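K.L.:
What follows is the file data.csv, containing CSV, C-alpha atoms:
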chain,number,residue,atom,x,y,z
A,250,VAL,CA,50.9,-2.5,-41.4
A,251,VAL,CA,47.8,-0.5,-42.2
A,252,GLU,CA,47.6,0.7,-38.6
A,253,GLN,CA,51.3,1.8,-38.7
A,254,ILE,CA,50.8,3.7,-42.0
A,255,LEU,CA,47.8,5.6,-40.6
A,256,ARG,CA,49.4,6.2,-37.2
A,257,ASN,CA,52.4,7.9,-38.8
A,258,CYS,CA,50.3,10.2,-41.0
A,259,HIS,CA,50.9,13.9,-40.2
A,260,GLY,CA,49.2,16.5,-42.3
A,261,ASP,CA,50.2,16.1,-45.9
A,262,SER,CA,52.9,13.5,-45.5
A,263,CYS,CA,53.4,10.2,-43.8
A,264,GLY,CA,55.9,7.3,-43.8
A,265,TRP,CA,56.3,3.8,-42.7
A,266,GLY,CA,59.3,1.5,-43.1
A,267,THR,CA,60.8,2.1,-46.5
A,268,ALA,CA,57.6,3.5,-48.0
A,269,SER,CA,57.1,7.3,-47.8
A,270,PHE,CA,54.4,9.4,-49.2
A,271,ASP,CA,54.2,13.1,-50.1
A,272,ALA,CA,50.4,13.3,-50.0
A,273,GLU,CA,47.6,12.3,-47.6
A,274,LEU,CA,46.5,8.7,-47.9
A,275,ARG,CA,42.8,8.5,-48.4
A,276,CYS,CA,42.2,4.8,-48.5
A,277,VAL,CA,44.0,1.5,-48.0
A,278,ARG,CA,43.1,-2.1,-48.9
A,279,TYR,CA,44.8,-5.4,-48.3
A,280,GLY,CA,44.9,-7.8,-51.3
A,281,PRO,CA,43.1,-11.1,-50.7
A,282,GLY,CA,46.5,-12.9,-50.2
A,283,GLY,CA,47.6,-10.5,-47.5
A,284,ASP,CA,50.9,-9.8,-49.1
A,285,VAL,CA,50.2,-6.5,-50.8
A,286,ILE,CA,48.4,-3.2,-49.8
A,287,ALA,CA,46.9,-0.8,-52.2
A,288,ALA,CA,46.7,2.9,-51.1
A,289,GLY,CA,45.1,5.8,-52.8
A,290,ASP,CA,46.3,9.4,-52.1
A,291,SER,CA,45.0,12.9,-52.2
A,292,ALA,CA,47.1,13.7,-55.3
A,293,GLY,CA,45.2,11.1,-57.4
A,294,ARG,CA,47.9,8.4,-57.3
A,295,MET,CA,47.6,4.7,-56.3
A,296,HIS,CA,50.5,2.9,-54.5
A,297,LEU,CA,51.1,-0.8,-54.2
A,298,ILE,CA,53.0,-1.6,-51.0
A,299,CYS,CA,54.6,-4.9,-49.8
A,300,ALA,CA,52.7,-5.8,-46.6
A,301,HIS,CA,55.8,-7.7,-45.2
A,302,THR,CA,58.5,-5.0,-45.6
A,303,GLY,CA,56.6,-1.7,-46.2
A,304,GLU,CA,58.5,-1.3,-49.5
A,305,LYS,CA,56.7,0.6,-52.2
A,306,ILE,CA,56.3,-1.7,-55.2
A,307,LEU,CA,54.5,0.6,-57.6
A,308,CYS,CA,53.2,4.1,-57.9
A,309,LEU,CA,50.6,5.1,-60.5
A,310,ALA,CA,50.4,8.8,-61.2
A,311,THR,CA,48.5,8.7,-64.5
A,312,LEU,CA,44.9,7.9,-63.3
A,313,GLU,CA,43.6,11.4,-64.2
A,314,ALA,CA,42.0,12.0,-60.8
A,315,THR,CA,42.3,14.7,-58.2
A,316,THR,CA,42.1,12.1,-55.4
A,317,ILE,CA,41.6,8.4,-55.0
A,318,GLU,CA,38.9,7.9,-52.4
A,319,HIS,CA,38.1,4.2,-52.8
A,320,LEU,CA,39.9,1.0,-53.8
A,321,GLU,CA,38.8,-2.6,-54.0
A,322,PHE,CA,40.5,-5.8,-54.9
A,323,SER,CA,38.6,-8.4,-56.9
A,324,SER,CA,38.1,-11.7,-55.0
A,325,ASP,CA,41.0,-13.4,-56.8
A,326,GLY,CA,43.3,-10.4,-56.2
A,327,SER,CA,44.0,-10.0,-59.9
A,328,LYS,CA,42.3,-6.7,-60.4
A,329,ILE,CA,41.9,-3.4,-58.4
A,330,ALA,CA,38.9,-1.1,-58.9
A,331,ALA,CA,39.6,2.6,-58.2
A,332,THR,CA,37.3,5.7,-58.1
A,333,CYS,CA,39.1,8.2,-60.3
A,334,ASN,CA,37.2,11.5,-60.0
A,335,ASP,CA,38.6,14.7,-61.5
A,336,HIS,CA,36.6,17.3,-59.6
A,337,ARG,CA,38.3,20.2,-61.3
A,338,ASN,CA,37.1,19.1,-64.8
A,339,ASP,CA,33.9,17.3,-63.7
A,340,LYS,CA,35.1,14.0,-65.1
A,341,PHE,CA,34.1,10.9,-63.1
A,342,ALA,CA,35.2,7.3,-63.7
A,343,VAL,CA,36.0,4.0,-62.1
A,344,LYS,CA,39.1,2.3,-63.5
A,345,ILE,CA,39.9,-1.4,-63.4
A,346,LEU,CA,43.6,-2.0,-63.0
A,347,ASP,CA,45.8,-5.1,-63.3
A,348,ALA,CA,47.0,-5.7,-59.7
A,349,ALA,CA,50.4,-7.0,-60.9
A,350,THR,CA,51.4,-4.3,-63.4
A,351,GLY,CA,49.0,-1.4,-62.6
A,352,ALA,CA,47.9,-1.3,-66.3
A,353,VAL,CA,44.4,0.2,-66.8
A,354,LEU,CA,42.3,-2.7,-68.1
A,355,ARG,CA,39.1,-0.8,-68.4
A,356,ALA,CA,37.8,2.8,-67.7
A,357,LEU,CA,34.2,3.1,-66.9
A,358,PRO,CA,32.9,6.7,-67.2
A,359,PHE,CA,30.1,8.0,-64.9
A,360,ASP,CA,27.9,11.1,-65.1
A,361,LYS,CA,28.1,11.6,-61.4
A,362,CYS,CA,31.0,11.3,-58.8
A,363,ALA,CA,31.7,7.6,-58.1
A,364,SER,CA,31.5,7.5,-54.3
A,365,GLY,CA,31.5,3.8,-53.3
A,366,LEU,CA,32.9,0.4,-54.5
A,367,SER,CA,32.4,-3.2,-53.6
A,368,TYR,CA,33.5,-6.4,-55.4
A,369,ALA,CA,31.3,-9.5,-55.0
A,370,ALA,CA,32.8,-12.4,-53.0
A,371,ARG,CA,32.6,-14.6,-56.1
A,372,GLY,CA,33.3,-13.7,-59.7
A,373,ASP,CA,33.9,-10.2,-61.0
A,374,MET,CA,30.6,-8.4,-60.2
A,375,LEU,CA,31.3,-4.9,-59.1
A,376,ALA,CA,28.9,-2.4,-57.4
A,377,VAL,CA,29.4,1.3,-57.7
A,378,GLY,CA,27.5,4.0,-55.9
A,379,ASP,CA,27.4,7.6,-57.1
A,380,SER,CA,26.6,11.1,-55.9
A,381,GLY,CA,23.4,11.2,-58.0
A,382,GLY,CA,21.6,8.4,-56.1
A,383,ASN,CA,22.4,5.5,-58.4
A,384,ILE,CA,23.9,2.1,-57.7
A,385,HIS,CA,25.4,0.3,-60.6
A,386,VAL,CA,25.9,-3.5,-60.6
A,387,LEU,CA,28.5,-4.3,-63.3
A,388,ASP,CA,29.9,-7.5,-64.8
A,389,ALA,CA,33.5,-8.2,-65.7
A,390,GLN,CA,33.1,-6.2,-68.9
A,391,GLY,CA,31.7,-3.2,-67.1
A,392,GLU,CA,28.2,-3.8,-68.4
A,393,ASN,CA,25.1,-3.4,-66.1
A,394,THR,CA,23.8,-6.7,-64.9
A,395,LEU,CA,20.5,-5.0,-64.1
A,396,PRO,CA,19.2,-1.5,-64.6
A,397,PRO,CA,20.8,1.0,-62.2
A,398,ILE,CA,19.2,1.0,-58.8
A,399,LYS,CA,17.8,4.5,-58.2
A,400,VAL,CA,17.6,5.8,-54.6
A,401,ASP,CA,14.5,7.9,-53.8
A,402,GLY,CA,15.2,11.6,-53.9
A,403,GLY,CA,18.5,11.1,-55.7
A,404,LEU,CA,20.4,11.0,-52.4
A,405,ARG,CA,24.1,10.4,-52.5
A,406,VAL,CA,25.3,6.8,-52.1
A,407,SER,CA,28.4,7.0,-50.0
A,408,ARG,CA,29.2,3.3,-49.5
A,409,VAL,CA,28.2,0.0,-50.9
A,410,ALA,CA,28.9,-3.6,-49.7
A,411,PHE,CA,28.0,-7.0,-50.9
A,412,SER,CA,26.8,-9.7,-48.5
A,413,PRO,CA,29.0,-12.8,-48.2
A,414,ASP,CA,26.7,-14.8,-50.5
A,415,ASP,CA,26.4,-11.9,-52.9
A,416,ALA,CA,22.6,-12.0,-52.7
A,417,MET,CA,22.2,-8.6,-51.0
A,418,LEU,CA,23.8,-5.2,-51.4
A,419,ALA,CA,24.0,-2.7,-48.6
A,420,ALA,CA,24.2,1.0,-49.4
A,421,GLY,CA,24.9,4.1,-47.2
A,422,VAL,CA,22.4,6.7,-48.5
A,423,GLY,CA,22.2,10.5,-47.8
A,424,GLU,CA,24.2,13.0,-45.9
A,425,SER,CA,22.6,14.3,-42.7
A,426,PRO,CA,20.6,12.4,-41.7
A,427,CYS,CA,21.4,9.2,-43.6
A,428,ASN,CA,20.4,5.6,-43.6
A,429,ILE,CA,21.4,2.1,-44.8
A,430,ARG,CA,19.3,0.4,-47.4
A,431,ILE,CA,19.5,-3.3,-48.4
A,432,PHE,CA,18.8,-4.4,-52.0
A,433,ASP,CA,18.4,-7.7,-53.7
A,434,THR,CA,21.2,-8.1,-56.2
A,435,ARG,CA,19.1,-10.2,-58.6
A,436,GLY,CA,16.4,-7.7,-59.3
A,437,GLY,CA,17.4,-4.5,-57.5
A,438,GLU,CA,14.4,-4.6,-55.1
A,439,GLN,CA,14.8,-2.7,-51.9
A,440,LEU,CA,14.4,-5.2,-49.0
A,441,ARG,CA,14.9,-2.9,-46.0
A,442,GLU,CA,15.8,0.6,-44.8
A,443,MET,CA,17.5,1.2,-41.5
A,444,ALA,CA,18.0,4.6,-39.8
A,445,GLY,CA,20.6,5.3,-37.1
A,446,HIS,CA,23.2,7.7,-38.6
A,447,SER,CA,23.1,11.5,-38.2
A,448,SER,CA,25.9,12.1,-40.7
A,449,SER,CA,27.3,10.5,-43.8
A,450,ILE,CA,28.4,6.9,-43.7
A,451,THR,CA,32.1,6.4,-44.1
A,452,GLY,CA,32.4,2.6,-43.7
A,453,LEU,CA,30.1,-0.3,-44.4
A,454,CYS,CA,30.5,-4.1,-44.2
A,455,PHE,CA,28.7,-7.4,-43.5
A,456,ASP,CA,29.8,-10.0,-41.0
A,457,CYS,CA,30.6,-13.5,-42.3
A,458,SER,CA,27.1,-14.7,-41.6
A,459,GLY,CA,25.4,-11.9,-43.6
A,460,LYS,CA,23.1,-11.1,-40.7
A,461,THR,CA,24.8,-8.1,-39.2
A,462,ILE,CA,26.2,-4.9,-40.7
A,463,ALA,CA,28.9,-2.7,-39.2
A,464,SER,CA,29.0,0.9,-40.2
A,465,SER,CA,30.8,4.1,-39.3
A,466,ARG,CA,29.8,7.7,-39.7
A,467,HIS,CA,31.6,10.9,-40.5
A,468,ARG,CA,33.2,12.9,-37.6
A,469,PHE,CA,32.2,10.3,-34.9
A,470,SER,CA,34.5,7.8,-33.4
A,471,ASN,CA,32.0,4.9,-33.0
A,472,VAL,CA,30.9,1.9,-35.0
A,473,LEU,CA,27.2,1.1,-35.3
A,474,PHE,CA,26.2,-2.6,-35.5
A,475,LEU,CA,22.8,-3.2,-37.2
A,476,CYS,CA,21.1,-6.6,-37.1
A,477,LEU,CA,19.4,-7.9,-40.3
A,478,CYS,CA,17.3,-10.7,-38.7
A,479,ALA,CA,14.0,-9.4,-40.1
A,480,VAL,CA,11.3,-11.8,-41.1
A,481,HIS,CA,11.4,-10.9,-44.8
A,482,LEU,CA,15.2,-11.6,-44.9
A,483,ALA,CA,14.9,-15.0,-43.3
A,484,GLY,CA,16.5,-17.8,-45.2
A,485,ARG,CA,19.0,-15.6,-47.0
Go through the file and emit its structure as structure tokens.

P.N.:
Amino acid sequence: VVEQILRNCHGDSCGWGTASFDAELRCVRYGPGGDVIAAGDSAGRMHLICAHTGEKILCLATLEATTIEHLEFSSDGSKIAATCNDHRNDKFAVKILDAATGAVLRALPFDKCASGLSYAARGDMLAVGDSGGNIHVLDAQGENTLPPIKVDGGLRVSRVAFSPDDAMLAAGVGESPCNIRIFDTRGGEQLREMAGHSSSITGLCFDCSGKTIASSRHRFSNVLFLCLCAVHLAGR
């Protein structure tokens, strides 16, 4: 379904099945159950789409954002986190939405543009990267579980991803060049830094073993696989 949505995207409009869109889709995410897709668009709206029929279930146009760049479902599928950045008015936030109704459960303001999201595999822990070089690890109430992780030099954090056991957090850092850094989620310690990208990282995820990361970069049509089998990560 996601492939067909993207394949039919032309300029500022696209359509699939019974769902049609009048703005560019910027991100799509399957819900954990596989029956619903959340999509964010360039007009600052979030859409919920039936994965079986393509029918649009819900459209939220009141998120106070110029564009929705990132969406993530919680592990149980009950909530959706969305980056809601209003670049015209320099207002930046992550909003936690009820996946069934679209109601805003919590709005978390940020000083810098929120530029990456990842829910932990278990529980409600949420990681948020921002353009000021900070990584925030938040609990279900939106409180920091540890002090914000600060990246050296204040480099933009473009993507974040939890490992399958939630013990590590990967972050895409910088613009050109950029690298991937691995942090311990319990104390925020940096475990490793890996180079390999000449432009900003657009996608980042662990494999199911937690030993390999797949990443993609801006303006290049390839995926880079990075192995994490370093001695100091053994046993994780």

K.L.:
Please list, as a VMD selection string, the residues that have an atom at most 7 Å away from (19.7, 0.4, -47.7) in the coordinates of this file, counting all atoms listed in the file.

P.N.:
chain A and resid 419 to 422 428 to 432 441 to 443

K.L.:
Closest to Ile298 (chain A) among A:Pro396, A:Gly403, A:Gly280, A:Gly391, using all atoms listed in the file?

P.N.:
A:Gly280

K.L.:
Using all atoms listed in the file, which of A:Ala348, A:Val386, A:Cys333, A:Ala292 sits nearest Phe411 (chain A)?

P.N.:
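Checking each candidate against Phe411 (chain A), we get A:Val386 as the closest.
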
K.L.:
For Thr311 (chain A), which residue among A:Gly326, A:Ser367, A:Gly293, A:Arg278 is the nearest when counting only C-alpha atoms?

P.N.:
A:Gly293

K.L.:
So how many Å separate CA of Thr434 (chain A) and CA of Ala416 (chain A), to one decimal?

P.N.:
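Computing the Euclidean distance for CA of Thr434 (chain A) and CA of Ala416 (chain A) yields 5.4 Å.
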
K.L.:
How big is the axis-aligned box around all listed atoms of region 438-457 of chain A once 4 Å goes on each side, and where's its centre, in Å to one decimal, as JSON?

P.N.:
{"center_x": 23.4, "center_y": -0.7, "center_z": -46.1, "size_x": 26.0, "size_y": 33.6, "size_z": 26.0}

K.L.:
Which residue is closest to Met417 (chain A)? Choose from A:Asp401, A:Thr451, A:Ala370, A:Ser323 and count all atoms listed in the file.

P.N.:
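Answer, going by the shortest atom-to-atom distance: A:Ala370.
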
K.L.:
Write out as number ranges by chain the residues lying within 10 Å of Arg337 (chain A), counting all atoms listed in the file and excluding same-chain residues fewer than 2 positions away.

P.N.:
A: 314-315, 334-335, 339-340

K.L.:
When distances are computed from only C-alpha atoms, which of A:Leu357, A:Ala349, A:Cys427, A:Leu418 shows the smallest separation from Ala369 (chain A)?

P.N.:
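Once distances to Ala369 (chain A) are computed over only C-alpha atoms, the minimum belongs to A:Leu418.
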
K.L.:
Counting only C-alpha atoms, which of A:Ser364, A:Thr394, A:Ser324, A:Thr316 gets nearest to Asp379 (chain A)?

P.N.:
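Ranking A:Ser364, A:Thr394, A:Ser324, A:Thr316 by distance to Asp379 (chain A), first place goes to A:Ser364.
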
K.L.:
So what do you get for CA of His296 (chain A) versus CA of Ser327 (chain A), distance-wise?

P.N.:
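One can read the CA of His296 (chain A) to CA of Ser327 (chain A) distance as 15.4 Å.
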
K.L.:
Need to verify the contact set: Cys457 (chain A), 10 Å, only C-alpha atoms, exclusion of same-chain residues closer than 2 positions in sequence. Can you return it as a list in words?

P.N.:
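With the cut-off at 10 Å, the set is Ser412, Pro413, Asp414, Cys454, Phe455, Gly459, Lys460, Thr461 and Ile462 of chain A.
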
K.L.:
Rounded to one decimal in Å, what is the spacing between CA of Cys362 (chain A) and CA of Glu438 (chain A)?

P.N.:
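Between CA of Cys362 (chain A) and CA of Glu438 (chain A) the gap works out to 23.3 Å.
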
K.L.:
Identify the residues within 9 Å of coordinate (57.4, 2.9, -54.2) (same frame as the file), considering all atoms listed in the file, and give the answer as a ChimeraX atom specification.

P.N.:
/A:267-270,296-298,304-308

K.L.:
Please identify all polymer residues within 7 Å of Arg294 (chain A), counting all atoms listed in the file, omitting same-chain residues fewer than 3 positions from it, and present them as an MDAnalysis selection string.

P.N.:
chainID A and resid 289:290 308:310 312 317

K.L.:
Can you spit out region 276-290 of chain A with all heavy atoms, as a JSON list (two decimals), in the first residue's frame, from the structure just given?

P.N.:
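Produced file part_33.json, reproduced below:
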[["chain", "number", "residue", "atom", "x", "y", "z"],
["A", 276, "CYS", "N", 5.81, 11.63, 4.89],
["A", 276, "CYS", "CA", 6.18, 10.45, 5.67],
["A", 276, "CYS", "C", 4.97, 9.53, 5.77],
["A", 276, "CYS", "O", 3.82, 9.99, 5.73],
["A", 276, "CYS", "CB", 6.68, 10.82, 7.06],
["A", 276, "CYS", "SG", 5.53, 11.81, 8.03],
["A", 277, "VAL", "N", 5.22, 8.23, 5.86],
["A", 277, "VAL", "CA", 4.17, 7.23, 6.06],
["A", 277, "VAL", "C", 4.65, 6.20, 7.06],
["A", 277, "VAL", "O", 5.83, 5.86, 7.10],
["A", 277, "VAL", "CB", 3.77, 6.53, 4.74],
["A", 277, "VAL", "CG1", 2.98, 7.44, 3.83],
["A", 277, "VAL", "CG2", 4.99, 5.98, 4.01],
["A", 278, "ARG", "N", 3.73, 5.69, 7.88],
["A", 278, "ARG", "CA", 4.06, 4.66, 8.86],
["A", 278, "ARG", "C", 2.89, 3.69, 8.98],
["A", 278, "ARG", "O", 1.74, 4.10, 9.10],
["A", 278, "ARG", "CB", 4.32, 5.28, 10.24],
["A", 278, "ARG", "CG", 5.64, 6.01, 10.37],
["A", 278, "ARG", "CD", 6.83, 5.08, 10.33],
["A", 278, "ARG", "NE", 8.08, 5.79, 10.55],
["A", 278, "ARG", "CZ", 8.79, 6.37, 9.60],
["A", 278, "ARG", "NH1", 8.35, 6.35, 8.34],
["A", 278, "ARG", "NH2", 9.92, 6.98, 9.87],
["A", 279, "TYR", "N", 3.21, 2.39, 8.94],
["A", 279, "TYR", "CA", 2.22, 1.38, 9.27],
["A", 279, "TYR", "C", 2.02, 1.34, 10.77],
["A", 279, "TYR", "O", 2.97, 1.46, 11.55],
["A", 279, "TYR", "CB", 2.71, -0.01, 8.83],
["A", 279, "TYR", "CG", 2.19, -0.48, 7.49],
["A", 279, "TYR", "CD1", 3.05, -0.57, 6.39],
["A", 279, "TYR", "CD2", 0.86, -0.84, 7.32],
["A", 279, "TYR", "CE1", 2.60, -1.01, 5.16],
["A", 279, "TYR", "CE2", 0.40, -1.29, 6.09],
["A", 279, "TYR", "CZ", 1.27, -1.38, 5.02],
["A", 279, "TYR", "OH", 0.82, -1.81, 3.80],
["A", 280, "GLY", "N", 0.77, 1.11, 11.21],
["A", 280, "GLY", "CA", 0.51, 0.80, 12.60],
["A", 280, "GLY", "C", 0.99, -0.60, 12.91],
["A", 280, "GLY", "O", 1.13, -1.43, 12.00],
["A", 281, "PRO", "N", 1.28, -0.92, 14.19],
["A", 281, "PRO", "CA", 1.81, -2.24, 14.55],
["A", 281, "PRO", "C", 0.93, -3.40, 14.10],
["A", 281, "PRO", "O", 1.43, -4.48, 13.79],
["A", 281, "PRO", "CB", 1.88, -2.17, 16.08],
["A", 281, "PRO", "CG", 2.00, -0.73, 16.39],
["A", 281, "PRO", "CD", 1.19, -0.02, 15.36],
["A", 282, "GLY", "N", -0.38, -3.18, 14.02],
["A", 282, "GLY", "CA", -1.29, -4.25, 13.60],
["A", 282, "GLY", "C", -1.37, -4.43, 12.10],
["A", 282, "GLY", "O", -1.96, -5.41, 11.61],
["A", 283, "GLY", "N", -0.80, -3.49, 11.33],
["A", 283, "GLY", "CA", -0.79, -3.59, 9.88],
["A", 283, "GLY", "C", -2.08, -3.21, 9.19],
["A", 283, "GLY", "O", -2.21, -3.35, 7.98],
["A", 284, "ASP", "N", -3.07, -2.71, 9.94],
["A", 284, "ASP", "CA", -4.36, -2.40, 9.34],
["A", 284, "ASP", "C", -4.57, -0.91, 9.06],
["A", 284, "ASP", "O", -5.55, -0.52, 8.44],
["A", 284, "ASP", "CB", -5.50, -2.92, 10.21],
["A", 284, "ASP", "CG", -5.42, -2.37, 11.64],
["A", 284, "ASP", "OD1", -4.40, -1.77, 11.98],
["A", 284, "ASP", "OD2", -6.38, -2.58, 12.40],
["A", 285, "VAL", "N", -3.66, -0.08, 9.53],
["A", 285, "VAL", "CA", -3.81, 1.36, 9.32],
["A", 285, "VAL", "C", -2.45, 1.96, 8.97],
["A", 285, "VAL", "O", -1.40, 1.47, 9.40],
["A", 285, "VAL", "CB", -4.41, 2.04, 10.58],
["A", 285, "VAL", "CG1", -3.43, 1.94, 11.76],
["A", 285, "VAL", "CG2", -4.76, 3.50, 10.31],
["A", 286, "ILE", "N", -2.48, 3.01, 8.16],
["A", 286, "ILE", "CA", -1.28, 3.76, 7.78],
["A", 286, "ILE", "C", -1.49, 5.21, 8.20],
["A", 286, "ILE", "O", -2.56, 5.79, 7.96],
["A", 286, "ILE", "CB", -1.03, 3.70, 6.26],
["A", 286, "ILE", "CG1", -0.73, 2.27, 5.83],
["A", 286, "ILE", "CG2", 0.12, 4.62, 5.86],
["A", 286, "ILE", "CD1", -0.72, 2.10, 4.33],
["A", 287, "ALA", "N", -0.48, 5.78, 8.84],
["A", 287, "ALA", "CA", -0.50, 7.22, 9.14],
["A", 287, "ALA", "C", 0.40, 7.91, 8.12],
["A", 287, "ALA", "O", 1.48, 7.42, 7.80],
["A", 287, "ALA", "CB", 0.00, 7.49, 10.55],
["A", 288, "ALA", "N", -0.06, 9.03, 7.59],
["A", 288, "ALA", "CA", 0.71, 9.79, 6.60],
["A", 288, "ALA", "C", 0.71, 11.27, 6.99],
["A", 288, "ALA", "O", -0.33, 11.82, 7.35],
["A", 288, "ALA", "CB", 0.12, 9.61, 5.21],
["A", 289, "GLY", "N", 1.88, 11.89, 6.91],
["A", 289, "GLY", "CA", 1.99, 13.33, 7.14],
["A", 289, "GLY", "C", 2.22, 14.04, 5.83],
["A", 289, "GLY", "O", 2.92, 13.53, 4.95],
["A", 290, "ASP", "N", 1.64, 15.24, 5.67],
["A", 290, "ASP", "CA", 1.79, 15.93, 4.39],
["A", 290, "ASP", "C", 2.45, 17.29, 4.54],
["A", 290, "ASP", "O", 2.73, 17.77, 5.64],
["A", 290, "ASP", "CB", 0.45, 16.00, 3.64],
["A", 290, "ASP", "CG", -0.55, 16.99, 4.24],
["A", 290, "ASP", "OD1", -0.15, 17.88, 5.00],
["A", 290, "ASP", "OD2", -1.76, 16.87, 3.92]]
